[in-house]
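The data block below is structure.csv; it holds CSV, C-alpha atoms.
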```
chain,number,residue,atom,x,y,z
Z,1,MET,CA,9.2,18.1,21.7
Z,2,LYS,CA,9.9,14.4,21.5
Z,3,VAL,CA,8.4,12.8,18.4
Z,4,LYS,CA,7.9,9.0,18.1
Z,5,ILE,CA,8.5,7.8,14.5
Z,6,THR,CA,7.7,4.5,12.9
Z,7,ALA,CA,9.3,3.6,9.5
Z,8,PHE,CA,8.3,1.2,6.8
Z,9,GLY,CA,9.8,-0.1,3.6
Z,10,ILE,CA,13.0,1.6,2.5
Z,11,ALA,CA,12.6,4.2,5.2
Z,12,LYS,CA,13.2,1.5,7.8
Z,13,ASP,CA,16.5,0.6,6.0
Z,14,ILE,CA,17.5,4.3,5.9
Z,15,VAL,CA,17.0,5.0,9.6
Z,16,GLY,CA,18.3,1.5,10.6
Z,17,GLY,CA,15.2,0.3,12.4
Z,18,LYS,CA,11.5,0.4,12.7
Z,19,HIS,CA,11.2,3.0,15.5
Z,20,LEU,CA,13.1,6.1,16.4
Z,21,GLU,CA,12.6,9.2,18.4
Z,22,LEU,CA,13.5,12.7,17.3
Z,23,GLU,CA,13.7,15.9,19.4
Z,24,VAL,CA,12.3,18.8,17.4
Z,25,ASN,CA,12.2,22.4,18.3
Z,26,GLY,CA,8.5,23.2,17.6
Z,27,GLN,CA,5.3,21.5,16.6
Z,28,GLU,CA,5.2,21.6,12.9
Z,29,LEU,CA,5.7,18.4,11.0
Z,30,SER,CA,8.0,20.2,8.5
Z,31,LEU,CA,10.6,20.2,11.3
Z,32,VAL,CA,10.6,16.5,11.4
Z,33,ARG,CA,11.2,16.3,7.6
Z,34,LYS,CA,14.0,18.8,7.9
Z,35,ASP,CA,15.7,16.9,10.8
Z,36,LEU,CA,15.3,13.5,9.1
Z,37,ILE,CA,16.9,14.7,5.9
Z,38,SER,CA,19.8,16.3,7.8
Z,39,GLN,CA,20.4,13.1,9.9
Z,40,PHE,CA,19.7,10.7,7.0
Z,41,PRO,CA,20.6,12.4,3.7
Z,42,ASP,CA,19.4,9.2,1.8
Z,43,PHE,CA,15.8,10.5,2.3
Z,44,GLU,CA,16.5,13.1,-0.4
Z,45,LYS,CA,17.2,10.4,-3.0
Z,46,LEU,CA,13.7,9.0,-2.6
Z,47,ALA,CA,11.0,9.7,-5.2
Z,48,SER,CA,8.8,10.9,-2.3
Z,49,LEU,CA,8.4,10.8,1.4
Z,50,LYS,CA,5.0,11.2,2.9
Z,51,PHE,CA,3.9,11.2,6.5
Z,52,ALA,CA,0.9,9.7,8.3
Z,53,VAL,CA,-0.4,10.5,11.7
Z,54,ASN,CA,-3.0,8.2,13.4
Z,55,THR,CA,-3.4,6.3,10.1
Z,56,ASN,CA,-4.2,9.4,8.0
Z,57,TYR,CA,-1.9,11.1,5.5
Z,58,VAL,CA,-1.0,14.6,6.7
Z,59,ASP,CA,0.9,17.4,5.1
Z,60,ASP,CA,4.0,19.3,6.3
Z,61,SER,CA,2.0,22.0,8.0
Z,62,TYR,CA,0.4,19.5,10.4
Z,63,GLN,CA,0.8,20.6,14.1
Z,64,LEU,CA,2.1,17.7,16.2
Z,65,ASN,CA,0.4,16.7,19.4
Z,66,GLU,CA,2.1,15.1,22.4
Z,67,ASN,CA,1.1,11.5,21.7
Z,68,ASP,CA,1.1,11.4,17.9
Z,69,GLU,CA,2.8,8.6,16.2
Z,70,VAL,CA,4.4,9.8,13.0
Z,71,VAL,CA,4.7,7.1,10.3
Z,72,LEU,CA,7.1,7.5,7.4
Z,73,ILE,CA,5.6,6.5,4.1
Z,74,PRO,CA,8.2,6.1,1.3
Z,75,PRO,CA,6.9,5.6,-2.2
Z,76,VAL,CA,4.3,2.8,-2.0
Z,77,SER,CA,4.4,-0.2,-4.3
Z,78,GLY,CA,1.5,-2.5,-3.5
Z,79,GLY,CA,-0.3,-4.6,-6.1
A,1,MET,CA,-14.2,-13.8,4.9
A,2,GLU,CA,-13.6,-10.0,5.0
A,3,LYS,CA,-14.2,-7.9,1.9
A,4,ILE,CA,-11.1,-5.7,2.7
A,5,TYR,CA,-8.4,-8.1,3.8
A,6,ILE,CA,-4.6,-8.4,4.2
A,7,THR,CA,-3.1,-11.8,4.9
A,8,SER,CA,0.2,-13.7,4.7
A,9,ASP,CA,-1.7,-16.7,3.4
A,10,ARG,CA,-2.4,-17.6,-0.2
A,11,LEU,CA,-5.3,-15.5,-1.7
A,12,SER,CA,-8.3,-17.1,-3.3
A,13,SER,CA,-9.9,-15.7,-6.4
A,14,GLN,CA,-13.0,-17.9,-5.8
A,15,ALA,CA,-13.4,-16.5,-2.3
A,16,CYS,CA,-13.4,-13.0,-3.9
A,17,ILE,CA,-15.9,-13.9,-6.6
A,18,ASP,CA,-18.2,-15.5,-4.0
A,19,LEU,CA,-18.1,-12.3,-2.0
A,20,VAL,CA,-19.3,-10.1,-4.9
A,21,SER,CA,-21.6,-12.5,-6.7
A,22,ASP,CA,-25.2,-11.3,-6.9
A,23,ASN,CA,-28.2,-12.3,-8.9
A,24,GLY,CA,-28.8,-8.7,-10.0
A,25,SER,CA,-25.3,-8.3,-11.4
A,26,GLY,CA,-24.7,-9.5,-14.9
A,27,GLY,CA,-21.1,-8.3,-14.9
A,28,LEU,CA,-18.4,-9.5,-12.6
A,29,VAL,CA,-14.8,-8.5,-13.1
A,30,VAL,CA,-11.7,-9.9,-11.3
A,31,PHE,CA,-8.2,-8.4,-11.5
A,32,ILE,CA,-5.4,-10.6,-10.2
A,33,GLY,CA,-1.9,-9.2,-9.8
A,34,ASN,CA,0.5,-12.1,-10.0
A,35,VAL,CA,4.2,-12.2,-9.1
A,36,ARG,CA,6.2,-12.1,-12.3
A,37,ASN,CA,9.4,-14.1,-12.8
A,38,LYS,CA,11.5,-11.1,-14.0
A,39,THR,CA,11.9,-7.3,-13.9
A,40,LYS,CA,13.3,-6.0,-17.1
A,41,ASP,CA,15.7,-8.9,-17.9
A,42,LYS,CA,16.6,-9.8,-14.3
A,43,ALA,CA,15.3,-13.0,-12.8
A,44,VAL,CA,13.2,-12.4,-9.7
A,45,GLN,CA,13.3,-15.1,-7.0
A,46,TYR,CA,10.2,-13.8,-5.0
A,47,LEU,CA,8.6,-10.6,-3.7
A,48,ASP,CA,8.5,-9.6,-0.1
A,49,PHE,CA,5.5,-7.3,0.8
A,50,GLU,CA,5.3,-5.2,3.9
A,51,SER,CA,2.2,-3.2,5.0
A,52,TYR,CA,1.3,-0.6,7.5
A,53,GLU,CA,-1.8,-2.7,8.1
A,54,PRO,CA,-4.3,-0.4,9.9
A,55,MET,CA,-3.8,2.4,7.4
A,56,ALA,CA,-3.6,0.1,4.4
A,57,LEU,CA,-7.0,-1.5,5.3
A,58,LYS,CA,-8.4,2.0,5.7
A,59,GLU,CA,-7.1,3.2,2.3
A,60,MET,CA,-8.3,0.0,0.6
A,61,GLN,CA,-11.8,0.5,2.2
A,62,LYS,CA,-11.8,4.1,0.8
A,63,ILE,CA,-11.0,2.9,-2.7
A,64,ALA,CA,-13.8,0.3,-2.5
A,65,ASP,CA,-16.3,2.8,-1.1
A,66,GLU,CA,-15.5,5.3,-3.8
A,67,ALA,CA,-15.7,2.7,-6.6
A,68,VAL,CA,-19.0,1.4,-5.4
A,69,SER,CA,-20.5,4.9,-5.3
A,70,ARG,CA,-19.0,6.2,-8.5
A,71,TRP,CA,-19.9,3.2,-10.7
A,72,ASN,CA,-23.0,2.2,-8.7
A,73,LEU,CA,-21.5,-1.3,-8.1
A,74,HIS,CA,-23.2,-4.1,-6.3
A,75,ASP,CA,-20.0,-4.5,-4.3
A,76,MET,CA,-16.2,-4.6,-4.4
A,77,VAL,CA,-13.6,-6.7,-2.5
A,78,ILE,CA,-9.9,-6.1,-2.3
A,79,HIS,CA,-7.6,-8.8,-0.9
A,80,HIS,CA,-3.8,-8.2,-0.6
A,81,ARG,CA,-1.1,-10.6,0.4
A,82,VAL,CA,1.9,-9.7,2.5
A,83,GLY,CA,5.2,-11.4,3.4
A,84,LYS,CA,7.1,-13.6,0.9
A,85,VAL,CA,5.1,-14.3,-2.3
A,86,PRO,CA,6.5,-16.8,-4.7
A,87,ILE,CA,6.6,-16.4,-8.5
A,88,GLY,CA,3.2,-17.1,-10.1
A,89,GLU,CA,1.2,-16.6,-6.9
A,90,GLU,CA,-1.3,-13.8,-6.4
A,91,ALA,CA,-0.2,-10.6,-4.7
A,92,VAL,CA,-3.6,-8.8,-5.0
A,93,ILE,CA,-7.1,-9.7,-6.1
A,94,ILE,CA,-9.8,-7.1,-6.8
A,95,ALA,CA,-13.3,-8.2,-7.7
A,96,CYS,CA,-16.5,-6.3,-8.3
A,97,SER,CA,-19.9,-6.7,-9.8
A,98,SER,CA,-22.6,-4.5,-11.3
A,99,PRO,CA,-25.7,-4.9,-13.4
A,100,HIS,CA,-23.7,-4.4,-16.7
A,101,ARG,CA,-20.0,-5.1,-17.5
A,102,LYS,CA,-18.7,-1.6,-18.3
A,103,GLU,CA,-19.0,-0.2,-14.8
A,104,SER,CA,-17.1,-3.2,-13.3
A,105,PHE,CA,-14.3,-3.0,-15.9
A,106,ALA,CA,-13.9,0.8,-15.2
A,107,ALA,CA,-14.1,0.4,-11.4
A,108,CYS,CA,-11.6,-2.5,-11.3
A,109,GLU,CA,-9.0,-0.5,-13.2
A,110,PHE,CA,-9.6,2.6,-11.0
A,111,ALA,CA,-9.2,0.4,-7.9
A,112,ILE,CA,-5.8,-1.2,-8.9
A,113,ASP,CA,-4.4,2.1,-10.2
A,114,THR,CA,-5.4,3.9,-7.0
A,115,LEU,CA,-4.1,1.1,-4.8
A,116,LYS,CA,-0.7,1.5,-6.3
A,117,GLU,CA,-0.7,5.2,-5.5
A,118,THR,CA,-2.2,5.5,-2.0
A,119,VAL,CA,-2.2,2.2,-0.1
A,120,PRO,CA,0.8,1.9,2.3
A,121,ILE,CA,2.1,-1.4,1.1
A,122,TRP,CA,5.7,-1.9,-0.1
A,123,LYS,CA,7.3,-4.6,-2.2
A,124,LYS,CA,10.9,-5.7,-2.3
A,125,GLU,CA,12.1,-7.6,-5.3
A,126,VAL,CA,14.6,-10.3,-4.3
A,127,PHE,CA,17.1,-11.3,-6.9
A,128,GLU,CA,19.9,-13.9,-6.7
A,129,ASP,CA,22.4,-11.1,-6.0
A,130,GLY,CA,20.5,-8.6,-4.0
A,131,GLU,CA,17.2,-6.9,-3.4
A,132,VAL,CA,15.5,-3.6,-4.2
A,133,TRP,CA,12.4,-1.7,-2.8
A,134,VAL,CA,10.2,-1.2,-5.9
A,135,SER,CA,9.6,2.5,-6.9
A,136,ALA,CA,11.6,3.9,-4.1
A,137,HIS,CA,13.8,6.0,-6.3
A,138,PRO,CA,13.0,8.2,-9.3
```

In structure tokens, write the structure found in this file.
Amino acid sequence: MKVKITAFGIAKDIVGGKHLELEVNGQELSLVRKDLISQFPDFEKLASLKFAVNTNYVDDSYQLNENDEVVLIPPVSGG
Amino acid sequence: MEKIYITSDRLSSQACIDLVSDNGSGGLVVFIGNVRNKTKDKAVQYLDFESYEPMALKEMQKIADEAVSRWNLHDMVIHHRVGKVPIGEEAVIIACSSPHRKESFAACEFAIDTLKETVPIWKKEVFEDGEVWVSAHP
């Protein structure tokens, strides 16, 4: 399925833009992580990479739906 | 003024104090996170904050709700600035009030510690010779 992805912070620099689309072979979010790391190895150097869907943190076993917007959350540093 | 608020304008500690002031609260604590002029020994020119705003507001609200219920506060406000923030200006202000001071001190510390772990806001330190996303790498 086609997955819409939005990136913030250093994740935006790594993918070279705020938005991208990935074609993954299945529905589990772990596939998105795997694909991202293989396309952009710099993700492996981050202290962490979390995902959010519809403004909630989700873990890698999350099953993607057709219109989900996946947001990449690199290590946060507010405050 | 909203209690949970993200803005690119300058923050006001007085506005935060006014939002939590209450005649039944004898203790009012304010935490202000300011932009420091250096990191280690390197001069910082300014910080540039980016947020995933709808989620950041939601996570900030969760922190305030949890703090209010855990420490039985009168109220808590959290204001965060985004965009370019110059040296010496406020990046974040947290204020809360409670009948006695202990609860507000504890709640305020909990709120800033949790904000730094869970709220999707990112800061970039800008130096004369480059820039770096804070905490990105181990």

Within 10 Å of chain A, which residues of chain Z show up? Give each one with its shortest atom-to-atom distance in Å (one decimal) and the two atoms involved, counting all atoms listed in the file, rows by chain then rising residue number, as JSON lines.
```
{"residue": "Z:Thr6", "atom": "CA", "partner": "A:Tyr52", "partner_atom": "CA", "distance": 9.8}
{"residue": "Z:Ala7", "atom": "CA", "partner": "A:Tyr52", "partner_atom": "CA", "distance": 9.3}
{"residue": "Z:Phe8", "atom": "CA", "partner": "A:Tyr52", "partner_atom": "CA", "distance": 7.3}
{"residue": "Z:Gly9", "atom": "CA", "partner": "A:Trp122", "partner_atom": "CA", "distance": 5.8}
{"residue": "Z:Ile10", "atom": "CA", "partner": "A:Trp133", "partner_atom": "CA", "distance": 6.3}
{"residue": "Z:Ala11", "atom": "CA", "partner": "A:Ala136", "partner_atom": "CA", "distance": 9.4}
{"residue": "Z:Asp13", "atom": "CA", "partner": "A:Trp133", "partner_atom": "CA", "distance": 10.0}
{"residue": "Z:Phe43", "atom": "CA", "partner": "A:His137", "partner_atom": "CA", "distance": 9.9}
{"residue": "Z:Glu44", "atom": "CA", "partner": "A:His137", "partner_atom": "CA", "distance": 9.6}
{"residue": "Z:Lys45", "atom": "CA", "partner": "A:His137", "partner_atom": "CA", "distance": 6.5}
{"residue": "Z:Leu46", "atom": "CA", "partner": "A:His137", "partner_atom": "CA", "distance": 4.8}
{"residue": "Z:Ala47", "atom": "CA", "partner": "A:His137", "partner_atom": "CA", "distance": 4.8}
{"residue": "Z:Ser48", "atom": "CA", "partner": "A:Ala136", "partner_atom": "CA", "distance": 7.8}
{"residue": "Z:Leu49", "atom": "CA", "partner": "A:Ala136", "partner_atom": "CA", "distance": 9.4}
{"residue": "Z:Ala52", "atom": "CA", "partner": "A:Met55", "partner_atom": "CA", "distance": 8.7}
{"residue": "Z:Val53", "atom": "CA", "partner": "A:Met55", "partner_atom": "CA", "distance": 9.8}
{"residue": "Z:Asn54", "atom": "CA", "partner": "A:Met55", "partner_atom": "CA", "distance": 8.4}
{"residue": "Z:Thr55", "atom": "CA", "partner": "A:Met55", "partner_atom": "CA", "distance": 4.8}
{"residue": "Z:Asn56", "atom": "CA", "partner": "A:Met55", "partner_atom": "CA", "distance": 7.0}
{"residue": "Z:Tyr57", "atom": "CA", "partner": "A:Met55", "partner_atom": "CA", "distance": 9.1}
{"residue": "Z:Val71", "atom": "CA", "partner": "A:Tyr52", "partner_atom": "CA", "distance": 8.9}
{"residue": "Z:Leu72", "atom": "CA", "partner": "A:Pro120", "partner_atom": "CA", "distance": 9.9}
{"residue": "Z:Ile73", "atom": "CA", "partner": "A:Pro120", "partner_atom": "CA", "distance": 6.9}
{"residue": "Z:Pro74", "atom": "CA", "partner": "A:Ala136", "partner_atom": "CA", "distance": 6.7}
{"residue": "Z:Pro75", "atom": "CA", "partner": "A:Ala136", "partner_atom": "CA", "distance": 5.3}
{"residue": "Z:Val76", "atom": "CA", "partner": "A:Trp122", "partner_atom": "CA", "distance": 5.3}
{"residue": "Z:Ser77", "atom": "CA", "partner": "A:Trp122", "partner_atom": "CA", "distance": 4.7}
{"residue": "Z:Gly78", "atom": "CA", "partner": "A:Ile121", "partner_atom": "CA", "distance": 4.8}
{"residue": "Z:Gly79", "atom": "CA", "partner": "A:Val92", "partner_atom": "CA", "distance": 5.5}
```

Neighbour list for range 31-33 of chain Z as a ChimeraX atom specification, cut-off 8 Å, only C-alpha atoms, skip fewer than 5 positions in-chain = /Z:22,24-26,60

Can you list, as a PyMOL selection string, every protein, DNA or RNA residue that comes within 6 Å of Tyr62 in chain Z when you count only C-alpha atoms, leaving out same-chain residues fewer than 3 positions away?
-> chain Z and resi 28-29+59

Please measure the separation of CA of Tyr5 in chain A and CA of Lys18 in chain Z, giving the value in Å to one decimal.
->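 The value is 23.4 Å.
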
Distance CA of Asp129 in chain A-CA of Lys84 in chain A, one decimal place?
->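 These atoms are spaced 17.0 Å apart.
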
Return the single residue from Z:Ser61, Z:Gln27, Z:Val70, Z:Lys12 that is closest to Phe40 in chain Z, with distances computed using only C-alpha atoms.
->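 Checking each of Z:Ser61, Z:Gln27, Z:Val70, Z:Lys12 against Phe40 in chain Z, counting only C-alpha atoms, the winner is Z:Lys12.
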
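Of the residues listed (Z:Leu20, Z:Val58, Z:Leu64, Z:Ile14), Z:Ile14 shows the shortest atom-to-atom separation from Pro41 in chain Z; distances use all atoms listed in the file.
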
Atom-to-atom span, CA of Phe31 in chain A and CA of Glu125 in chain A, Å =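 So the two atoms, CA of Phe31 in chain A and CA of Glu125 in chain A, lie 21.2 Å apart.
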
Selected residue of minimal separation from Ile4 in chain A among A:Gln61, A:Thr39, A:Gln45, A:Ser21, counting only C-alpha atoms =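 The answer is A:Gln61, which sits nearest to Ile4 in chain A.
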
Neighbour residues at most 10 Å from (12.2, -12.4, -9.4) (only C-alpha atoms) as number ranges by chain = A: 35-39, 41-47, 86-87, 124-128, 131

So which residues touch Glu66 in chain Z within 9 Å, counting only C-alpha atoms, skipping near sequence neighbours fewer than 6 positions away, as a list in words?
->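 Residues near the query, excluding close chain neighbours: Met1, Lys2 and Val3 of chain Z.
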
Cut-off 10 Å around (-12.1, 4.2, -11.6) with only C-alpha atoms: residues as a ChimeraX atom specification | /A:63,66-68,70-71,103-114

Shortest contact to Gly83 in chain A, candidates A:Glu2, A:Cys16, A:Asp48, A:Leu11, atoms counted all atoms listed in the file, goes to A:Asp48

From the set A:Ser98, A:Asn23, A:Val30, A:Gly88, which residue has the shortest atom-to-atom contact distance to Ser69 in chain A, counting only C-alpha atoms?
->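 So, comparing all the options, the nearest one is A:Ser98.
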
For range 46-79 of chain Z, where the input has fewer atoms than it should, I would like N, CA and C atoms rebuilt and written as a short mmCIF file (atom, residue, chain, number, x, y, z; two decimals), in the frame of the given file.
```
data_model
loop_
_atom_site.label_atom_id
_atom_site.label_comp_id
_atom_site.auth_asym_id
_atom_site.auth_seq_id
_atom_site.Cartn_x
_atom_site.Cartn_y
_atom_site.Cartn_z
N LEU Z 46 14.93 9.66 -2.35
CA LEU Z 46 13.70 9.00 -2.60
C LEU Z 46 12.78 9.74 -3.57
N ALA Z 47 11.94 9.01 -4.30
CA ALA Z 47 11.00 9.70 -5.20
C ALA Z 47 10.01 10.52 -4.43
N SER Z 48 9.68 10.11 -3.21
CA SER Z 48 8.80 10.90 -2.30
C SER Z 48 8.92 10.42 -0.92
N LEU Z 49 8.53 11.27 0.02
CA LEU Z 49 8.40 10.80 1.40
C LEU Z 49 7.19 11.51 1.99
N LYS Z 50 6.17 10.67 2.30
CA LYS Z 50 5.00 11.20 2.90
C LYS Z 50 4.94 10.85 4.37
N PHE Z 51 4.03 11.53 5.09
CA PHE Z 51 3.90 11.20 6.50
C PHE Z 51 2.42 10.90 6.80
N ALA Z 52 2.24 10.01 7.78
CA ALA Z 52 0.90 9.70 8.30
C ALA Z 52 0.90 9.89 9.78
N VAL Z 53 -0.21 10.39 10.29
CA VAL Z 53 -0.40 10.50 11.70
C VAL Z 53 -1.76 9.81 12.04
N ASN Z 54 -1.75 8.88 12.98
CA ASN Z 54 -3.00 8.20 13.40
C ASN Z 54 -3.70 7.60 12.13
N THR Z 55 -2.95 6.96 11.27
CA THR Z 55 -3.40 6.30 10.10
C THR Z 55 -4.04 7.18 8.98
N ASN Z 56 -3.74 8.48 9.03
CA ASN Z 56 -4.20 9.40 8.00
C ASN Z 56 -2.95 10.09 7.38
N TYR Z 57 -2.97 10.29 6.04
CA TYR Z 57 -1.90 11.10 5.50
C TYR Z 57 -2.08 12.55 5.98
N VAL Z 58 -0.95 13.19 6.29
CA VAL Z 58 -1.00 14.60 6.70
C VAL Z 58 0.08 15.36 5.93
N ASP Z 59 -0.12 16.67 5.77
CA ASP Z 59 0.90 17.40 5.10
C ASP Z 59 1.86 18.10 6.04
N ASP Z 60 2.88 18.76 5.48
CA ASP Z 60 4.00 19.30 6.30
C ASP Z 60 3.57 20.37 7.29
N SER Z 61 2.40 20.96 7.07
CA SER Z 61 2.00 22.00 8.00
C SER Z 61 1.25 21.47 9.23
N TYR Z 62 1.09 20.14 9.27
CA TYR Z 62 0.40 19.50 10.40
C TYR Z 62 1.09 19.90 11.73
N GLN Z 63 0.28 20.22 12.73
CA GLN Z 63 0.80 20.60 14.10
C GLN Z 63 0.78 19.33 14.96
N LEU Z 64 1.95 18.91 15.37
CA LEU Z 64 2.10 17.70 16.20
C LEU Z 64 1.50 17.83 17.57
N ASN Z 65 0.87 16.75 18.04
CA ASN Z 65 0.40 16.70 19.40
C ASN Z 65 1.31 15.72 20.20
N GLU Z 66 1.22 15.82 21.51
CA GLU Z 66 2.10 15.10 22.40
C GLU Z 66 2.21 13.58 22.09
N ASN Z 67 1.08 12.93 21.85
CA ASN Z 67 1.10 11.50 21.70
C ASN Z 67 1.03 10.96 20.27
N ASP Z 68 1.21 11.85 19.32
CA ASP Z 68 1.10 11.40 17.90
C ASP Z 68 2.22 10.43 17.58
N GLU Z 69 1.83 9.45 16.77
CA GLU Z 69 2.80 8.60 16.20
C GLU Z 69 2.95 8.93 14.73
N VAL Z 70 4.14 9.40 14.37
CA VAL Z 70 4.40 9.80 13.00
C VAL Z 70 4.91 8.59 12.22
N VAL Z 71 4.28 8.29 11.10
CA VAL Z 71 4.70 7.10 10.30
C VAL Z 71 5.28 7.64 8.98
N LEU Z 72 6.46 7.14 8.65
CA LEU Z 72 7.10 7.50 7.40
C LEU Z 72 6.62 6.63 6.28
N ILE Z 73 6.14 7.26 5.22
CA ILE Z 73 5.60 6.50 4.10
C ILE Z 73 6.44 6.82 2.84
N PRO Z 74 7.44 5.99 2.58
CA PRO Z 74 8.20 6.10 1.30
C PRO Z 74 7.31 5.73 0.16
N PRO Z 75 7.76 5.89 -1.10
CA PRO Z 75 6.90 5.60 -2.20
C PRO Z 75 6.28 4.16 -2.10
N VAL Z 76 4.96 4.10 -2.19
CA VAL Z 76 4.30 2.80 -2.00
C VAL Z 76 4.39 1.98 -3.28
N SER Z 77 4.27 0.68 -3.14
CA SER Z 77 4.40 -0.20 -4.30
C SER Z 77 3.63 -1.50 -4.13
N GLY Z 78 2.39 -1.33 -3.67
CA GLY Z 78 1.50 -2.50 -3.50
C GLY Z 78 1.05 -2.98 -4.88
N GLY Z 79 0.30 -4.06 -4.87
CA GLY Z 79 -0.30 -4.60 -6.10
C GLY Z 79 0.63 -5.53 -6.83
#
```
